[in-house]
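First the structure, in the form of structure tokens, and then the observations on it.
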There are 2 protein chains.
Amino acid sequence: MKIIVDAFGGDNAPLEIIKGCAEAVAEFDDLSIILTGDEGKILKVANDNNISLDRIEIHHCTEVITMDDHADAVLKSKKDSSMAVGFNLLKNGEGDAFVSAGNSGALCMGATLAVKRIKGIKRPAFSPVMPSANGFFMLVDGGANVDCRPEMLVQFAVMGSIYMNRVMKIDNPRVGLANVGTEDHKGTELYQTTYQLLKESNLNFVGNVEGRDIPQGICDVVVCDGFTGNLILKTYEGVAMVVMNEIKNLFTGSLKGKLSASLVLGDIKKLKKKLDHNTYGGAPVLGASKPVFKAHGSAKAVTVKNAIRLSRDYVLADAIGEISKVINSED
Amino acid sequence: MKIIVDAFGGDNAPLEIIKGCAEAVAEFDDLSIILTGDEGKILKVANDNNISLDRIEIHHCTEVITMDDHADAVLKSKKDSSMAVGFNLLKNGEGDAFVSAGNSGALCMGATLAVKRIKGIKRPAFSPVMPSANGFFMLVDGGANVDCRPEMLVQFAVMGSIYMNRVMKIDNPRVGLANVGTEDHKGTELYQTTYQLLKESNLNFVGNVEGRDIPQGICDVVVCDGFTGNLILKTYEGVAMVVMNEIKNLFTGSLKGKLSASLVLGDIKKLKKKLDHNTYGGAPVLGASKPVFKAHGSAKAVTVKNAIRLSRDYVLADAIGEISKVINSED
């Protein structure tokens with residue numbers, strides 16, 4: 001198994017990315033990695049931090065796609081970027097999967113246009129796995145497609161369901177449609193039509209799910225268009241961040257607070273981990289014909305390692321083969 | 001000033017509603033209240049709990065609209081409900097504003113069709129005021145209109161801006177458009193067109209705002225369609241609830257936790273209050289030709305009192321007159 005990793009994606013690149021790669025190869029004997037990016041810089045960071053590059057090769061390139069670049073930089077203006085080169089290696093079969101913590105828009109565009117879609121899939125979807133009160137769930141589409149048709153939402157449901165089953169080991173994943181009420185007539189025409197199509201499908205469709213129930217873990221796959229999904233995803237992260245910051249201020253703002261915190265430090269760390277997207281490691285771009293995986297932009301080494309592990313599972317589980325089979329049997 | 005209050009709306013009716021009314025008249029000398037609902041029950045609850053009904057009159061009616069009723073029950077099947085009767089009293093000028101903690105859908109429908117819209121307003125909007133890291137903001141539309149046109153979103157922005165200025169005393173309120181990125185080309189056609197219209201308006205438009213920045217308090221009025229807004233609103237409440245529950249479990253799950261909590265109890269209460277929708281008390285239905293105010297479904301007495309206070313401010317500030325003036329000067 002060989003996984004291609006963008007050494008220059010995300011806020012903590014390249015140090016945390018290289019560290020995460022080293023941790024991943026240490027954990028999995030069958031794994032080797034191709035790092036894309038400036039060879040001199042990678043070698044220097046590895047050397048300065050005593051990181052072993054055993055089973056990690058470097059594919060040199062000079063450019064970096066930033067968070068401010070337009071998504072199409074990956075196809076046009078920055079063809080020698082660590083992300084664009086990663087996509088090329090994946091397309092040419094030089095690795096089994098591609099992981100990046102870089103610009104999500106560029107990653108979705110590259111997955112769709114450089115790697116291409118699975119035959120029969122109308123649009124790939126950005127599909128983050130997120131924490132809930134009792135575990136985790138997948139949000140699909142988390143932002144790749146602002147305009148959707150009902151057939152696209154049904155494909156998102158099929159892909160999310162297969163991923164959660166095969167890669168995240170959830171039996172018979174419960175699929176919910178994000179909506180403003182539970183009754184079947186709720187929402188816009190897009191959502192009303194999708195509701196009927198999901199009801200008639202073979203999926204384990206549990207009906208419409210409201211925003212208040214999503215963080216409770218009411219289902220395993222939450223389906224919506226990418227405009228709504230992106231706002232749910234980011235509001236979710238934003239509110240969790242604000243509340244955790246307030247808790248932090250409460251514990252650090254006074255002597256009593258510090259004393260109080262010292263008593264429950266272990267539990268606070270557990271809670272932070274539970275609520276942390278880094279625990280789950282990221283989001284596959286479902287619908288691409290080869291595994292493309294987004295690690296969170298603020299990923300540290302452990303998250304990068306998790307993303308590599310999940311990409312490996314994604315390959316081993318042949319989730320893409322299964323998606324292709326199900327989508328094309330329905331035609 | 002006379003405010004009509006639905007005695008049978010919300011999870012804690014009628015006790016907490018009656019209590020809240022008594023607290024409101026005790027606070028404001030100029031205030032009297034008409035409670036709508038079953039007179040026998042109201043009198044019994046007031047008597048059993050030693051609540052004074054000074055300056056509170058009762059308008060007897062027999063039915064109650066539940067959370068499970070369709071919105072149109074307020075116009076059709078339950079014309080003798082505490083909510084429908086409240087709307088009738090408001091329409092007939094027997095009170096200056098109407099407050100209910102009941103079914104939001106029914107309240108929006110009654111505000112639109114029983115009370116009627118402000119002339120020139122295309123659609124009233126459900127407009128909750130929500131807590132942020134540094135204060136509060138208004139989300140408009142929080143769920144009344146799932147299908148919107150750009151002109152409607154611009155009217156939401158105008159109404160929200162006037163309300164936040166006149167009632168919530170915010171100077172030159174910052175208006176943001178909920179979106180999936182900050183650049184002007186982001187989002188669906190609805191959002192792209194609205195962006196341009198807001199940019200050309202006289203409002204203090206600060207551009208697109210992303211989900212992650214909304215809880216930080218990046219602006220005072222967040223504008224979006226009601227489908228998106230309802231999902232933002234409820235995800236917001238759901239995530240805050242999940243995190244606060246986890247904190248509660250952390251503090252109550254062990255002896256150390258309880259000891260820890262005892263040290264910071266005052267601060268935790270302050271934080272809970274800060275994050276609690278009950279502090280702000282609710283949501284006006286902006287665009288109705290008379291003040292209609294939704295208190296949160298789980299409202300306790302203090303929230304009901306706050307909702308009555310805000311409705312009183314809403315009347316005193318003549319926000320409706322100002323909205324009418326601005327909307328009709330633009331035609």
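Chain labels follow the order of the structure tokens: the first chain is A, the next B, and so on; residue numbering restarts at 1 in every chain, and ligands are counted from 1 in their shown order.
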
Can you tell me, as a list in words, what residues are no more than 8 Å from Ser260 in chain B when counting only C-alpha atoms, ignoring any on the same chain fewer than 5 positions away?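 Contacts, with the query itself left out: Leu259, Ser260, Ala261, Leu263 and Val264 of chain A; Phe251 of chain B.
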
Could you pull out the strand (DSSP E or B) residues of range 112-306 of chain A, going by DSSP on the backbone, and write them as a PyMOL selection string? chain A and resi 117+125-126+129-132+135-140+174-178+204-209+221-223+282-286+288+292-295

Interface, chain A side, toward chain B (9 Å; only C-alpha atoms) as a PyMOL selection string: chain A and resi 132-133+143+146-147+178-180+186-189+210-216+226-228+230-244+246-247+250-251+256-257+259-264+267-268+271+275

Those of range 75-203 of chain A in DSSP alpha helix (DSSP H), formatted as a count of residues only: 45

Could you work out how far CA of Gly95 in chain A lies from CA of Lys2 in chain A, giving the answer in Å with one decimal?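 Here the two named atoms are 4.9 Å from each other.
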
For Ala97 in chain B, list every protein, DNA or RNA residue within 10 Å, evaluated using only C-alpha atoms, and leave out those in the same chain fewer than 4 positions away; present the list as a compact mmCIF listing (two decimals) with N, CA and C atoms, in the first residue's frame.
```txt
# COMPACT_ATOMS: atom_id res chain seq x y z
N MET B 1 -49.93 50.77 27.88
CA MET B 1 -49.43 49.63 27.07
C MET B 1 -50.12 48.34 27.51
N LYS B 2 -50.75 47.68 26.55
CA LYS B 2 -51.40 46.41 26.89
C LYS B 2 -50.85 45.31 25.98
N ILE B 3 -50.33 44.25 26.61
CA ILE B 3 -49.74 43.16 25.82
C ILE B 3 -50.55 41.89 26.00
N ILE B 4 -50.84 41.25 24.86
CA ILE B 4 -51.63 40.02 24.86
C ILE B 4 -50.64 38.85 24.97
N VAL B 5 -50.89 37.92 25.87
CA VAL B 5 -49.99 36.78 26.06
C VAL B 5 -50.77 35.47 25.98
N ILE B 33 -51.89 43.31 31.00
CA ILE B 33 -51.78 42.11 30.16
C ILE B 33 -53.15 41.46 29.95
N GLY B 86 -55.56 35.18 20.54
CA GLY B 86 -54.57 36.24 20.75
C GLY B 86 -54.39 37.07 19.49
N PHE B 87 -54.27 36.40 18.36
CA PHE B 87 -54.12 37.12 17.08
C PHE B 87 -55.34 38.00 16.80
N LEU B 89 -57.41 39.36 18.96
CA LEU B 89 -57.40 40.54 19.85
C LEU B 89 -56.41 41.58 19.33
N LEU B 90 -55.23 41.10 18.88
CA LEU B 90 -54.20 42.02 18.36
C LEU B 90 -54.72 42.75 17.12
N LYS B 91 -55.30 41.96 16.22
CA LYS B 91 -55.83 42.50 14.97
C LYS B 91 -56.90 43.56 15.25
N GLY B 93 -57.12 45.49 17.70
CA GLY B 93 -56.61 46.65 18.44
C GLY B 93 -56.85 46.59 19.94
N LYS B 290 -48.22 44.31 13.14
CA LYS B 290 -48.24 44.62 14.58
C LYS B 290 -47.22 43.71 15.27
N PRO B 291 -46.71 44.13 16.44
CA PRO B 291 -45.65 43.33 17.07
C PRO B 291 -46.12 41.93 17.51
N VAL B 292 -45.48 40.92 16.92
CA VAL B 292 -45.73 39.52 17.29
C VAL B 292 -44.38 38.97 17.75
N PHE B 293 -44.37 38.36 18.92
CA PHE B 293 -43.10 37.98 19.52
C PHE B 293 -43.17 36.53 19.99
N ILE B 308 -41.88 39.79 27.14
CA ILE B 308 -42.86 40.88 27.30
C ILE B 308 -42.15 42.24 27.30
N SER B 311 -41.15 43.02 23.78
CA SER B 311 -42.32 43.41 22.99
C SER B 311 -42.73 44.84 23.31
N ARG B 312 -42.62 45.19 24.60
CA ARG B 312 -42.92 46.56 25.02
C ARG B 312 -41.93 47.53 24.34
N TYR B 314 -40.36 46.99 21.61
CA TYR B 314 -40.67 46.91 20.18
C TYR B 314 -41.78 47.92 19.83
N VAL B 315 -42.79 48.02 20.74
CA VAL B 315 -43.88 48.98 20.54
C VAL B 315 -43.36 50.40 20.74
```

Point out the residue among A:Asp220, A:Asp96, A:Asp54, A:Glu39 with the least atom-to-atom distance to Met138 in chain A, counting only C-alpha atoms.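 So, comparing all the options, the nearest one is A:Asp220.
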
Using only C-alpha atoms, determine which residues lie at most 9 Å from Ser298 in chain B, disregarding the query and same-chain residues fewer than 4 positions distant; provide the list as a list in words. Gly10, Asp11, Asn12, Ala101, Asn278 and Thr303 of chain B

Calculate how many Å separate CA of Thr194 in chain B from CA of Val221 in chain B, rounding to one decimal.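 Taking CA of Thr194 in chain B and CA of Val221 in chain B, their separation equals 14.6 Å.
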
In Å, how far is it from CA of Arg123 in chain A to CA of Ala283 in chain A?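 Interatomic distance, CA of Arg123 in chain A to CA of Ala283 in chain A: 15.7 Å.
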
Which residue of B:Ile170, B:Gly217, B:Cys224, B:Ile34 approaches Gln192 in chain B most closely, using only C-alpha atoms: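 For Gln192 in chain B, the nearest of the candidates is B:Cys224.
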